[in-house]
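Everything below belongs to run28.csv, which stores CSV, C-alpha atoms.
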```
chain,number,residue,atom,x,y,z
B,1,MET,CA,132.3,146.0,55.7
B,2,SER,CA,132.2,145.9,59.5
B,3,LYS,CA,131.9,149.2,61.4
B,4,GLU,CA,135.2,148.5,63.1
B,5,LEU,CA,137.0,148.3,59.8
B,6,ILE,CA,135.3,151.6,58.7
B,7,LEU,CA,136.5,153.2,62.0
B,8,MET,CA,140.1,152.0,61.4
B,9,MET,CA,140.2,153.5,57.9
B,10,HIS,CA,139.7,156.9,59.5
B,11,PRO,CA,143.1,157.1,61.4
B,12,THR,CA,144.8,155.1,58.5
B,13,PHE,CA,143.9,157.9,56.0
B,14,GLY,CA,144.9,160.4,58.7
B,15,VAL,CA,148.4,158.9,59.0
B,16,LEU,CA,148.8,158.7,55.2
B,17,ALA,CA,147.8,162.3,55.0
B,18,LEU,CA,150.4,163.1,57.7
B,19,ILE,CA,153.1,161.4,55.6
B,20,ALA,CA,151.9,163.3,52.5
B,21,ALA,CA,152.0,166.6,54.4
B,22,VAL,CA,155.6,165.9,55.7
B,23,TRP,CA,156.5,165.0,52.1
B,24,THR,CA,155.2,168.3,50.9
B,25,PHE,CA,157.0,170.2,53.7
B,26,VAL,CA,160.4,168.5,53.1
B,27,ALA,CA,160.2,168.7,49.3
B,28,THR,CA,159.3,172.4,49.5
B,29,LEU,CA,162.4,173.0,51.7
B,30,ASN,CA,164.4,171.6,48.7
B,31,ALA,CA,162.2,173.0,46.0
B,32,SER,CA,163.6,173.1,42.5
B,33,ASP,CA,162.4,172.9,38.9
B,34,ALA,CA,163.0,169.2,39.1
B,35,ASN,CA,160.6,168.5,42.0
B,36,VAL,CA,158.0,171.2,41.7
B,37,GLY,CA,155.6,168.6,40.1
B,38,ARG,CA,156.1,166.2,42.9
B,39,ILE,CA,155.4,169.0,45.5
B,40,ARG,CA,152.1,169.6,43.7
B,41,THR,CA,151.3,165.9,43.8
B,42,ALA,CA,152.1,165.7,47.5
B,43,GLY,CA,150.1,168.8,48.4
B,44,VAL,CA,147.0,167.6,46.4
B,45,LEU,CA,147.4,164.1,47.8
B,46,THR,CA,147.5,165.5,51.4
B,47,ALA,CA,144.1,167.2,50.7
B,48,VAL,CA,142.6,164.1,49.1
B,49,LEU,CA,143.6,161.9,52.1
B,50,VAL,CA,142.3,164.4,54.6
B,51,TRP,CA,139.0,164.5,52.7
B,52,LEU,CA,138.9,160.7,52.8
B,53,ALA,CA,139.6,160.6,56.5
B,54,TYR,CA,136.8,163.2,56.9
B,55,ILE,CA,134.2,161.4,54.9
B,56,ILE,CA,134.9,158.0,56.4
B,57,GLY,CA,135.2,159.4,59.9
B,58,GLY,CA,132.1,161.4,59.4
B,59,TYR,CA,130.2,158.3,58.2
B,60,PHE,CA,131.2,156.4,61.3
B,61,TYR,CA,130.5,159.3,63.6
B,62,VAL,CA,127.0,159.9,62.3
B,63,LEU,CA,125.9,156.3,62.1
B,64,TYR,CA,127.8,154.4,64.8
B,65,TYR,CA,129.5,156.8,67.3
B,66,GLY,CA,126.4,157.1,69.5
B,67,ALA,CA,126.9,153.6,70.9
B,68,ASP,CA,130.6,154.4,71.8
B,69,LYS,CA,129.6,157.7,73.3
B,70,ALA,CA,127.1,156.0,75.6
B,71,ILE,CA,129.8,153.5,76.7
B,72,ILE,CA,132.3,156.4,77.3
B,73,LEU,CA,129.8,158.4,79.4
B,74,GLN,CA,129.2,155.4,81.7
B,75,GLY,CA,133.0,154.9,82.3
B,76,PRO,CA,135.7,156.8,84.2
B,77,TRP,CA,137.0,158.8,81.2
B,78,LYS,CA,133.9,160.8,80.4
B,79,TYR,CA,136.2,163.7,79.2
B,80,SER,CA,137.3,161.5,76.3
B,81,HIS,CA,133.9,162.4,74.8
B,82,SER,CA,133.1,165.7,76.4
B,83,PHE,CA,136.5,167.3,75.7
B,84,PHE,CA,138.4,165.2,73.2
B,85,MET,CA,135.6,164.2,70.8
B,86,GLU,CA,133.8,167.5,71.0
B,87,THR,CA,137.0,169.4,70.2
B,88,LYS,CA,138.2,166.9,67.6
B,89,GLU,CA,134.9,166.8,65.6
B,90,HIS,CA,134.9,170.6,65.3
B,91,ALA,CA,138.7,171.2,64.9
B,92,PHE,CA,138.6,168.7,62.0
B,93,PHE,CA,136.8,171.2,59.9
B,94,MET,CA,139.8,173.6,60.2
B,95,LEU,CA,142.1,170.8,59.1
B,96,LEU,CA,139.9,170.0,56.2
B,97,MET,CA,139.9,173.6,54.9
B,98,LEU,CA,143.6,174.0,55.6
B,99,ALA,CA,144.5,170.9,53.7
B,100,THR,CA,142.3,172.0,50.8
B,101,PHE,CA,144.1,175.4,50.9
B,102,LEU,CA,147.4,173.5,50.7
B,103,ALA,CA,146.3,171.9,47.5
B,104,ILE,CA,145.6,175.4,46.1
B,105,ALA,CA,148.9,176.9,47.5
B,106,VAL,CA,151.1,174.3,45.8
B,107,GLN,CA,149.8,175.2,42.4
B,108,ALA,CA,152.2,178.2,42.3
B,109,ASN,CA,155.7,178.0,40.9
B,110,ILE,CA,157.3,177.1,44.3
B,111,ALA,CA,160.7,176.5,42.8
B,112,ARG,CA,161.0,180.1,41.6
B,113,LEU,CA,158.8,182.1,44.0
B,114,ALA,CA,160.0,182.5,47.5
B,115,ALA,CA,156.6,183.9,48.7
B,116,ALA,CA,154.7,180.8,47.5
B,117,ARG,CA,157.4,178.6,49.0
B,118,ARG,CA,157.0,180.2,52.4
B,119,LEU,CA,153.3,179.9,52.3
B,120,VAL,CA,153.4,176.2,51.4
B,121,LEU,CA,156.0,175.6,54.2
B,122,TYR,CA,153.8,177.2,56.9
B,123,THR,CA,150.6,175.6,55.6
B,124,SER,CA,152.0,172.1,55.4
B,125,GLY,CA,153.6,172.5,58.8
B,126,LEU,CA,150.3,173.5,60.3
B,127,VAL,CA,148.6,170.5,58.6
B,128,VAL,CA,151.2,168.2,60.1
B,129,LEU,CA,150.7,169.6,63.6
B,130,MET,CA,146.9,169.4,63.3
B,131,ILE,CA,146.9,165.8,62.1
B,132,PHE,CA,149.1,164.9,65.1
B,133,ALA,CA,146.5,166.5,67.3
B,134,MET,CA,143.7,164.7,65.6
B,135,GLU,CA,145.5,161.3,65.9
B,136,GLY,CA,146.2,162.0,69.6
B,137,ALA,CA,142.6,163.0,70.3
B,138,GLY,CA,141.4,159.9,68.5
B,139,ALA,CA,143.6,157.7,70.7
B,140,MET,CA,142.1,159.3,73.8
B,141,ILE,CA,138.5,158.6,72.5
B,142,SER,CA,139.4,154.9,71.8
B,143,MET,CA,140.9,154.6,75.3
B,144,GLY,CA,137.8,156.2,76.8
B,145,VAL,CA,135.8,153.3,75.3
B,146,LYS,CA,138.3,150.7,76.5
B,147,VAL,CA,138.6,151.9,80.1
B,148,ALA,CA,134.8,152.1,80.3
B,149,LEU,CA,134.4,148.5,79.1
B,150,LEU,CA,137.2,147.4,81.5
B,151,ALA,CA,135.6,149.1,84.4
B,152,LYS,CA,132.3,147.5,83.6
B,153,GLN,CA,133.9,144.1,83.4
B,154,ALA,CA,135.7,144.6,86.7
B,155,SER,CA,132.5,145.6,88.6
C,1,MET,CA,146.1,180.0,38.4
C,2,SER,CA,147.4,183.5,39.0
C,3,THR,CA,151.1,184.3,39.2
C,4,THR,CA,153.1,185.6,42.1
C,5,ASN,CA,154.3,189.2,42.1
C,6,ALA,CA,155.6,192.0,44.2
C,7,VAL,CA,152.9,194.3,45.6
C,8,ASN,CA,152.5,196.7,48.5
C,9,GLY,CA,156.1,196.4,49.5
C,10,GLY,CA,156.0,192.6,49.9
C,11,GLU,CA,155.8,189.6,47.7
C,12,ASN,CA,152.3,188.2,47.0
C,13,ALA,CA,151.6,184.4,46.8
C,14,GLY,CA,149.2,184.7,43.9
C,15,THR,CA,145.6,186.0,43.8
C,16,THR,CA,143.9,182.6,44.2
C,17,ALA,CA,146.1,181.3,47.0
C,18,THR,CA,145.9,184.6,48.9
C,19,ALA,CA,142.2,184.8,48.6
C,20,PHE,CA,141.6,181.3,49.8
C,21,GLY,CA,144.2,181.8,52.6
C,22,ILE,CA,142.3,184.7,53.9
C,23,SER,CA,139.1,182.8,53.5
C,24,TYR,CA,140.5,179.9,55.6
C,25,ALA,CA,141.6,182.4,58.3
C,26,ILE,CA,138.1,183.8,58.5
C,27,THR,CA,136.2,180.5,58.2
C,28,ALA,CA,138.3,178.9,61.0
C,29,LEU,CA,137.0,181.7,63.3
C,30,PHE,CA,133.5,181.4,61.9
C,31,ASN,CA,133.7,177.6,62.7
C,32,VAL,CA,134.3,178.4,66.4
C,33,LEU,CA,131.5,181.0,66.4
C,34,LEU,CA,129.1,178.4,64.9
C,35,VAL,CA,130.1,175.9,67.7
C,36,ILE,CA,129.4,178.5,70.4
C,37,VAL,CA,126.1,179.5,68.9
C,38,LYS,CA,124.8,176.0,68.2
C,39,GLU,CA,125.9,174.7,71.6
C,40,ASN,CA,124.1,177.5,73.5
C,41,ILE,CA,121.0,178.0,71.4
C,42,PRO,CA,119.0,174.7,71.3
C,43,GLY,CA,116.7,175.9,68.6
C,44,PHE,CA,119.6,176.8,66.4
C,45,GLN,CA,121.0,173.3,66.7
C,46,ASP,CA,117.6,171.8,66.0
C,47,GLY,CA,117.5,173.9,62.8
C,48,MET,CA,120.9,172.5,61.8
C,49,VAL,CA,119.6,168.9,62.5
C,50,ALA,CA,116.5,169.6,60.3
C,51,ILE,CA,118.6,170.6,57.3
C,52,THR,CA,120.7,167.4,56.9
C,53,GLY,CA,119.6,165.1,59.7
C,54,HIS,CA,122.7,165.8,61.9
C,55,HIS,CA,124.0,169.1,63.2
C,56,TRP,CA,127.6,168.1,62.6
C,57,VAL,CA,127.0,167.4,58.9
C,58,THR,CA,125.3,170.8,58.5
C,59,HIS,CA,128.1,172.4,60.4
C,60,GLY,CA,130.7,171.0,58.1
C,61,LEU,CA,128.8,171.8,54.9
C,62,THR,CA,128.3,175.4,56.1
C,63,ASP,CA,132.0,175.8,56.8
C,64,ILE,CA,132.9,174.4,53.4
C,65,VAL,CA,130.4,176.6,51.6
C,66,VAL,CA,131.6,179.7,53.4
C,67,PHE,CA,135.3,178.8,52.7
C,68,VAL,CA,134.7,178.3,49.0
C,69,VAL,CA,132.3,181.3,48.4
C,70,LEU,CA,134.5,183.7,50.5
C,71,GLY,CA,137.6,182.5,48.6
C,72,ILE,CA,135.9,183.2,45.2
C,73,ILE,CA,134.7,186.6,46.3
C,74,LEU,CA,138.0,187.7,47.8
C,75,SER,CA,139.9,186.6,44.7
C,76,ARG,CA,138.1,189.4,42.9
C,77,THR,CA,139.1,192.1,45.4
C,78,SER,CA,142.3,194.0,46.2
C,79,VAL,CA,142.6,192.0,49.4
C,80,ALA,CA,144.0,189.1,47.3
C,81,LYS,CA,147.1,191.3,46.7
C,82,MET,CA,148.1,191.1,50.4
C,83,PRO,CA,151.8,190.4,51.0
C,84,VAL,CA,152.6,186.8,51.8
C,85,SER,CA,154.1,187.7,55.2
C,86,SER,CA,150.7,189.2,56.3
C,87,LEU,CA,148.8,186.2,54.9
C,88,ILE,CA,151.0,183.7,56.8
C,89,ASN,CA,150.5,185.8,60.0
C,90,TYR,CA,146.7,185.7,59.5
C,91,ILE,CA,146.7,181.9,58.8
C,92,VAL,CA,148.8,181.0,61.8
C,93,ALA,CA,147.1,183.4,64.1
C,94,SER,CA,143.6,182.2,63.1
C,95,THR,CA,144.6,178.5,63.5
C,96,VAL,CA,146.1,179.1,67.0
C,97,VAL,CA,143.3,181.4,68.2
C,98,SER,CA,140.5,179.1,66.8
C,99,GLY,CA,142.2,176.0,68.2
C,100,LEU,CA,142.6,177.6,71.7
C,101,LEU,CA,139.0,178.9,71.6
C,102,LEU,CA,137.7,175.4,70.8
C,103,VAL,CA,139.9,173.8,73.6
C,104,GLY,CA,138.9,176.5,76.0
C,105,TYR,CA,135.2,176.2,75.2
C,106,PHE,CA,135.1,172.4,75.6
C,107,THR,CA,137.2,172.6,78.8
C,108,VAL,CA,134.6,174.8,80.5
C,109,ALA,CA,131.5,173.6,78.7
```
Whole structure, C-alpha coordinates version:
Amino acid sequence: MSKELILMMHPTFGVLALIAAVWTFVATLNASDANVGRIRTAGVLTAVLVWLAYIIGGYFYVLYYGADKAIILQGPWKYSHSFFMETKEHAFFMLLMLATFLAIAVQANIARLAAARRLVLYTSGLVVLMIFAMEGAGAMISMGVKVALLAKQAS
Amino acid sequence: MSTTNAVNGGENAGTTATAFGISYAITALFNVLLVIVKENIPGFQDGMVAITGHHWVTHGLTDIVVFVVLGIILSRTSVAKMPVSSLINYIVASTVVSGLLLVGYFTVA
(Lines of atoms letter the chains of each structure in order from A and count residues from 1; the text may use other names and numbers.)
(Lines give C-alpha, C1' and ligand atoms only; values in the text may rest on other atoms or scores of the structure.)
Protein backbone atom coordinates (compact mmCIF):
# COMPACT_ATOMS: atom_id res chain seq x y z
CA MET A 1 0.00 0.00 0.00
CA SER A 2 1.33 3.44 -0.89
CA LYS A 3 2.13 5.88 1.87
CA GLU A 4 -0.38 8.32 0.38
CA LEU A 5 -3.20 5.79 0.81
CA ILE A 6 -2.06 5.10 4.36
CA LEU A 7 -2.15 8.84 5.04
CA MET A 8 -5.67 9.21 3.58
CA MET A 9 -6.96 6.41 5.81
CA HIS A 10 -6.11 8.55 8.85
CA PRO A 11 -8.68 11.36 8.23
CA THR A 12 -11.12 8.82 6.79
CA PHE A 13 -11.26 6.93 10.07
CA GLY A 14 -11.41 10.32 11.78
CA VAL A 15 -14.52 11.33 9.86
CA LEU A 16 -16.12 7.93 10.48
CA ALA A 17 -15.38 8.37 14.19
CA LEU A 18 -16.97 11.82 14.02
CA ILE A 19 -20.13 10.33 12.53
CA ALA A 20 -20.19 7.60 15.19
CA ALA A 21 -19.74 10.20 17.97
CA VAL A 22 -22.60 12.33 16.57
CA TRP A 23 -24.69 9.16 16.38
CA THR A 24 -23.90 8.46 20.04
CA PHE A 25 -24.83 12.02 21.02
CA VAL A 26 -28.13 12.13 19.11
CA ALA A 27 -29.17 8.62 20.17
CA THR A 28 -28.44 9.53 23.80
CA LEU A 29 -30.67 12.61 23.52
CA ASN A 30 -33.44 10.18 22.63
CA ALA A 31 -32.34 7.34 24.90
CA SER A 32 -34.88 4.61 25.63
CA ASP A 33 -34.92 0.91 26.38
CA ALA A 34 -35.30 0.36 22.65
CA ASN A 35 -32.07 2.07 21.57
CA VAL A 36 -29.74 1.61 24.56
CA GLY A 37 -28.01 -1.25 22.75
CA ARG A 38 -27.40 0.93 19.70
CA ILE A 39 -25.96 3.69 21.91
CA ARG A 40 -23.46 1.19 23.30
CA THR A 41 -22.59 0.09 19.77
CA ALA A 42 -22.14 3.69 18.63
CA GLY A 43 -19.99 4.61 21.65
CA VAL A 44 -17.72 1.60 21.28
CA LEU A 45 -17.53 2.12 17.51
CA THR A 46 -16.41 5.72 18.12
CA ALA A 47 -13.54 4.48 20.28
CA VAL A 48 -12.53 1.75 17.79
CA LEU A 49 -12.46 4.23 14.90
CA VAL A 50 -10.43 6.79 16.89
CA TRP A 51 -7.96 4.03 17.79
CA LEU A 52 -7.69 3.05 14.10
CA ALA A 53 -7.08 6.71 13.15
CA TYR A 54 -4.41 6.86 15.89
CA ILE A 55 -2.62 3.66 14.85
CA ILE A 56 -2.64 4.47 11.12
CA GLY A 57 -1.81 8.14 11.64
CA GLY A 58 0.94 7.17 14.07
CA TYR A 59 2.38 4.66 11.60
CA PHE A 60 2.56 7.36 8.91
CA TYR A 61 3.90 9.96 11.34
CA VAL A 62 6.73 7.79 12.64
CA LEU A 63 7.80 6.37 9.26
CA TYR A 64 7.01 9.01 6.64
CA TYR A 65 6.16 12.41 8.13
CA GLY A 66 9.80 13.48 8.35
CA ALA A 67 9.91 14.11 4.59
CA ASP A 68 6.72 16.21 4.70
CA LYS A 69 8.06 18.13 7.69
CA ALA A 70 11.24 19.02 5.77
CA ILE A 71 9.13 20.31 2.86
CA ILE A 72 6.87 22.37 5.16
CA LEU A 73 9.84 23.96 6.92
CA GLN A 74 11.27 25.10 3.56
CA GLY A 75 7.97 26.75 2.58
CA PRO A 76 6.01 29.84 3.64
CA TRP A 77 3.67 28.04 6.08
CA LYS A 78 6.21 26.80 8.62
CA TYR A 79 3.60 27.13 11.35
CA SER A 80 1.62 24.28 9.78
CA HIS A 81 4.27 22.06 11.38
CA SER A 82 5.53 24.12 14.33
CA PHE A 83 2.04 24.92 15.59
CA PHE A 84 -0.60 22.74 13.96
CA MET A 85 1.29 19.44 13.78
CA GLU A 86 2.96 19.82 17.15
CA THR A 87 -0.37 20.64 18.82
CA LYS A 88 -2.30 17.96 16.92
CA GLU A 89 0.11 15.12 17.61
CA HIS A 90 -0.13 15.76 21.35
CA ALA A 91 -3.82 16.72 21.58
CA PHE A 92 -4.64 13.46 19.82
CA PHE A 93 -3.71 11.56 22.98
CA MET A 94 -6.49 13.41 24.81
CA LEU A 95 -8.97 12.45 22.08
CA LEU A 96 -7.80 8.84 22.24
CA MET A 97 -8.38 8.62 25.99
CA LEU A 98 -11.70 10.52 25.86
CA ALA A 99 -13.03 8.23 23.12
CA THR A 100 -11.92 5.20 25.16
CA PHE A 101 -13.69 6.70 28.15
CA LEU A 102 -16.84 7.13 26.02
CA ALA A 103 -16.82 3.39 25.33
CA ILE A 104 -16.76 2.82 29.10
CA ALA A 105 -19.44 5.45 29.88
CA VAL A 106 -21.98 3.99 27.42
CA GLN A 107 -21.99 0.66 29.27
CA ALA A 108 -24.31 2.12 31.94
CA ASN A 109 -28.09 1.90 31.57
CA ILE A 110 -28.43 5.22 29.78
CA ALA A 111 -32.15 4.83 29.19
CA ARG A 112 -32.96 4.78 32.89
CA LEU A 113 -30.12 6.70 34.55
CA ALA A 114 -30.05 10.44 33.99
CA ALA A 115 -26.52 10.78 35.41
CA ALA A 116 -25.06 8.30 32.96
CA ARG A 117 -27.00 9.95 30.13
CA ARG A 118 -25.57 13.39 30.95
CA LEU A 119 -22.06 11.98 31.16
CA VAL A 120 -22.37 10.35 27.72
CA LEU A 121 -23.82 13.55 26.22
CA TYR A 122 -20.94 15.70 27.45
CA THR A 123 -18.29 13.13 26.56
CA SER A 124 -19.58 12.46 23.04
CA GLY A 125 -19.99 16.21 22.50
CA LEU A 126 -16.37 16.82 23.48
CA VAL A 127 -15.24 13.97 21.22
CA VAL A 128 -17.09 15.57 18.29
CA LEU A 129 -15.45 18.96 18.93
CA MET A 130 -12.00 17.41 19.30
CA ILE A 131 -12.31 15.43 16.06
CA PHE A 132 -13.34 18.63 14.26
CA ALA A 133 -10.19 20.29 15.63
CA MET A 134 -8.04 17.32 14.52
CA GLU A 135 -9.50 17.35 11.01
CA GLY A 136 -8.94 21.11 10.74
CA ALA A 137 -5.35 20.85 11.94
CA GLY A 138 -4.75 17.99 9.50
CA ALA A 139 -6.01 20.16 6.65
CA MET A 140 -3.61 22.95 7.68
CA ILE A 141 -0.69 20.50 7.70
CA SER A 142 -1.58 19.19 4.22
CA MET A 143 -1.88 22.76 2.97
CA GLY A 144 1.53 23.54 4.47
CA VAL A 145 3.06 20.86 2.24
CA LYS A 146 1.11 22.08 -0.79
CA VAL A 147 2.05 25.76 -0.50
CA ALA A 148 5.69 24.80 0.06
CA LEU A 149 5.74 22.71 -3.13
CA LEU A 150 3.94 25.48 -5.06
CA ALA A 151 6.43 28.08 -3.81
CA LYS A 152 9.31 25.82 -4.83
CA GLN A 153 7.79 25.31 -8.29
CA ALA A 154 7.27 29.07 -8.75
CA SER A 155 10.84 29.99 -7.79
CA MET B 1 -19.96 -2.96 35.27
CA SER B 2 -21.15 -1.09 38.33
CA THR B 3 -24.57 0.43 38.64
CA THR B 4 -25.51 4.07 38.98
CA ASN B 5 -26.80 5.31 42.32
CA ALA B 6 -27.38 8.42 44.39
CA VAL B 7 -24.48 9.39 46.67
CA ASN B 8 -23.16 12.49 48.39
CA GLY B 9 -26.20 14.54 47.43
CA GLY B 10 -25.84 13.83 43.70
CA GLU B 11 -26.31 11.01 41.25
CA ASN B 12 -23.25 8.92 40.46
CA ALA B 13 -22.54 7.60 36.96
CA GLY B 14 -21.17 4.27 38.18
CA THR B 15 -17.88 3.37 39.83
CA THR B 16 -15.99 2.36 36.69
CA ALA B 17 -17.18 5.28 34.57
CA THR B 18 -16.46 7.79 37.34
CA ALA B 19 -13.00 6.37 38.04
CA PHE B 20 -11.97 6.43 34.38
CA GLY B 21 -13.52 9.88 33.94
CA ILE B 22 -11.33 11.25 36.73
CA SER B 23 -8.41 9.31 35.29
CA TYR B 24 -8.97 11.00 31.93
CA ALA B 25 -9.10 14.45 33.55
CA ILE B 26 -5.80 13.84 35.34
CA THR B 27 -4.07 12.13 32.40
CA ALA B 28 -5.01 14.96 29.99
CA LEU B 29 -3.14 17.39 32.26
CA PHE B 30 -0.30 14.90 32.71
CA ASN B 31 -0.05 14.73 28.90
CA VAL B 32 0.60 18.48 28.74
CA LEU B 33 3.14 18.26 31.56
CA LEU B 34 4.96 15.53 29.63
CA VAL B 35 5.02 17.75 26.52
CA ILE B 36 6.56 20.65 28.43
CA VAL B 37 9.13 18.45 30.17
CA LYS B 38 10.27 16.57 27.05
CA GLU B 39 10.41 19.72 24.90
CA ASN B 40 12.56 21.56 27.46
CA ILE B 41 14.82 18.79 28.75
CA PRO B 42 16.72 17.27 25.79
CA GLY B 43 18.02 14.37 27.87
CA PHE B 44 14.46 13.46 28.85
CA GLN B 45 13.35 13.31 25.24
CA ASP B 46 16.42 11.24 24.38
CA GLY B 47 15.38 8.80 27.08
CA MET B 48 11.88 8.58 25.57
CA VAL B 49 13.42 7.89 22.15
CA ALA B 50 15.58 5.14 23.66
CA ILE B 51 12.54 3.29 25.01
CA THR B 52 10.55 2.77 21.79
CA GLY B 53 12.62 4.44 19.05
CA HIS B 54 10.39 7.53 18.88
CA HIS B 55 9.50 10.04 21.61
CA TRP B 56 5.91 10.32 20.38
CA VAL B 57 5.33 6.57 20.63
CA THR B 58 6.71 6.53 24.18
CA HIS B 59 4.61 9.57 25.03
CA GLY B 60 1.41 7.92 23.82
CA LEU B 61 2.13 4.62 25.56
CA THR B 62 2.91 6.47 28.81
CA ASP B 63 -0.41 8.36 28.64
CA ILE B 64 -2.34 5.16 27.95
CA VAL B 65 -0.67 3.28 30.81
CA VAL B 66 -1.29 6.17 33.23
CA PHE B 67 -4.94 6.41 32.11
CA VAL B 68 -5.61 2.68 32.55
CA VAL B 69 -3.65 2.19 35.79
CA LEU B 70 -5.10 5.33 37.39
CA GLY B 71 -8.61 4.30 36.33
CA ILE B 72 -8.22 0.88 37.93
CA ILE B 73 -6.77 2.33 41.14
CA LEU B 74 -9.44 5.05 41.42
CA SER B 75 -12.24 2.55 40.85
CA ARG B 76 -11.24 0.97 44.19
CA THR B 77 -11.43 4.24 46.11
CA SER B 78 -14.22 6.47 47.40
CA VAL B 79 -13.37 9.04 44.70
CA ALA B 80 -15.32 6.84 42.29
CA LYS B 81 -18.48 7.80 44.19
CA MET B 82 -18.22 11.42 43.02
CA PRO B 83 -21.51 12.98 41.79
CA VAL B 84 -21.82 13.10 38.01
CA SER B 85 -22.11 16.92 37.95
CA SER B 86 -18.63 17.22 39.52
CA LEU B 87 -17.25 14.54 37.20
CA ILE B 88 -18.53 16.38 34.12
CA ASN B 89 -17.03 19.63 35.42
CA TYR B 90 -13.63 17.96 35.86
CA ILE B 91 -13.73 16.35 32.41
CA VAL B 92 -14.75 19.55 30.60
CA ALA B 93 -12.36 21.76 32.59
CA SER B 94 -9.44 19.39 32.07
CA THR B 95 -10.13 19.18 28.32
CA VAL B 96 -10.37 22.96 27.92
CA VAL B 97 -7.37 23.77 30.14
CA SER B 98 -5.17 21.05 28.60
CA GLY B 99 -6.16 22.12 25.09
CA LEU B 100 -5.44 25.78 25.81
CA LEU B 101 -2.10 24.92 27.44
CA LEU B 102 -1.04 22.92 24.37
CA VAL B 103 -2.14 25.70 22.01
CA GLY B 104 -0.43 28.32 24.19
CA TYR B 105 2.77 26.33 24.51
CA PHE B 106 3.17 25.71 20.78
CA THR B 107 2.22 29.31 20.01
CA VAL B 108 5.15 30.66 22.01
CA ALA B 109 7.57 27.71 21.60
Which polymer residues have any atom within 10 Å of an atom of Met140 in chain B, counting all atoms listed in the file, with same-chain residues fewer than 5 positions away left out, as a PyMOL selection string? chain B and resi 77+79-81+83-85+134-135+145-146
For Ser98 in chain C, which of C:Thr18, C:Asn31, C:Asn12, C:Thr77 is the closest residue, counting only C-alpha atoms?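 The closest residue to Ser98 in chain C is C:Asn31.
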Go through C:Leu61, C:Ala17, C:Gly10, C:Leu29 and flag the residue nearest chain B, using all atoms listed in the file for the distances.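 Of all the options, C:Ala17 lies closest to chain B.
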Neighbours of chain B in chain C at 6 Å, counting only C-alpha atoms, as a PDB file with C-alpha atoms, in the coordinates of the input:
```pdb
ATOM      1  CA  GLU C  11     155.800 189.600  47.700  1.00  0.00           C
ATOM      2  CA  ALA C  13     151.600 184.400  46.800  1.00  0.00           C
ATOM      3  CA  ALA C  17     146.100 181.300  47.000  1.00  0.00           C
ATOM      4  CA  ALA C  28     138.300 178.900  61.000  1.00  0.00           C
ATOM      5  CA  VAL C  84     152.600 186.800  51.800  1.00  0.00           C
ATOM      6  CA  PHE C 106     135.100 172.400  75.600  1.00  0.00           C
TER       7      PHE C 106
END
```
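Across the structure, CA of Val57 in chain C and CA of Ser23 in chain C are spaced 20.3 Å apart.
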Distance CA of Ile55 in chain B-CA of Ile19 in chain B, one decimal place?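 Between these atoms lies a distance of 18.9 Å.
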Computed interatomic separation between CA of Phe67 in chain C and CA of Ala25 in chain C (Å):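 Computed distance, CA of Phe67 in chain C to CA of Ala25 in chain C, equals 9.2 Å.
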Just the residues within 8 Å of Leu18 in chain B, please, counting only C-alpha atoms, with nothing from its chain fewer than 2 positions along; format it as a ChimeraX atom specification. /B:14-16,20-22,46,127-128,131-132
Would you mind telling me which residue in B:Ile6, B:Ile39, B:Ala133, B:Ala111 lies nearest to Ala53 in chain B when using all atoms listed in the file?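 The closest residue to Ala53 in chain B is B:Ile6.
The environment of Gln74 in chain B within 7 Å, counting all atoms listed in the file and disregarding residues fewer than 3 places along the same chain, consists of Ala70, Ile71 and Ala148 of chain B.
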With 8 Å added on each side, what axis-aligned box encloses every listed atom of range 85-100 of chain C? Give the centre and edge lengths in Å to one decimal, as AutoDock Vina command-line options.
```
--center_x 147.3 --center_y 182.6 --center_z 63.3 --size_x 29.6 --size_y 29.2 --size_z 32.8
```
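Here the question is which of B:Val26, B:Ala17, B:Leu149, B:Met9 gets nearest to Val48 in chain B using all atoms listed in the file, and that residue is B:Ala17.
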Could you tell me which of C:Ile72, C:Val37, C:Ile26, C:Val79 comes closest to Val97 in chain C if we count all atoms listed in the file?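 The shortest atom-to-atom distance to Val97 in chain C comes from C:Ile26.
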Would you list the residues near (143.1, 186.4, 45.5) (no more than 7 Å away, in the coordinates of the file, using all atoms listed in the file) as a VMD selection string? chain C and resid 14 to 20 74 to 77 79 to 81
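Considering only C-alpha atoms, the residue among C:Thr27, C:Val103, C:Ala93, C:Ser85 positioned nearest to Ile64 in chain C is C:Thr27.
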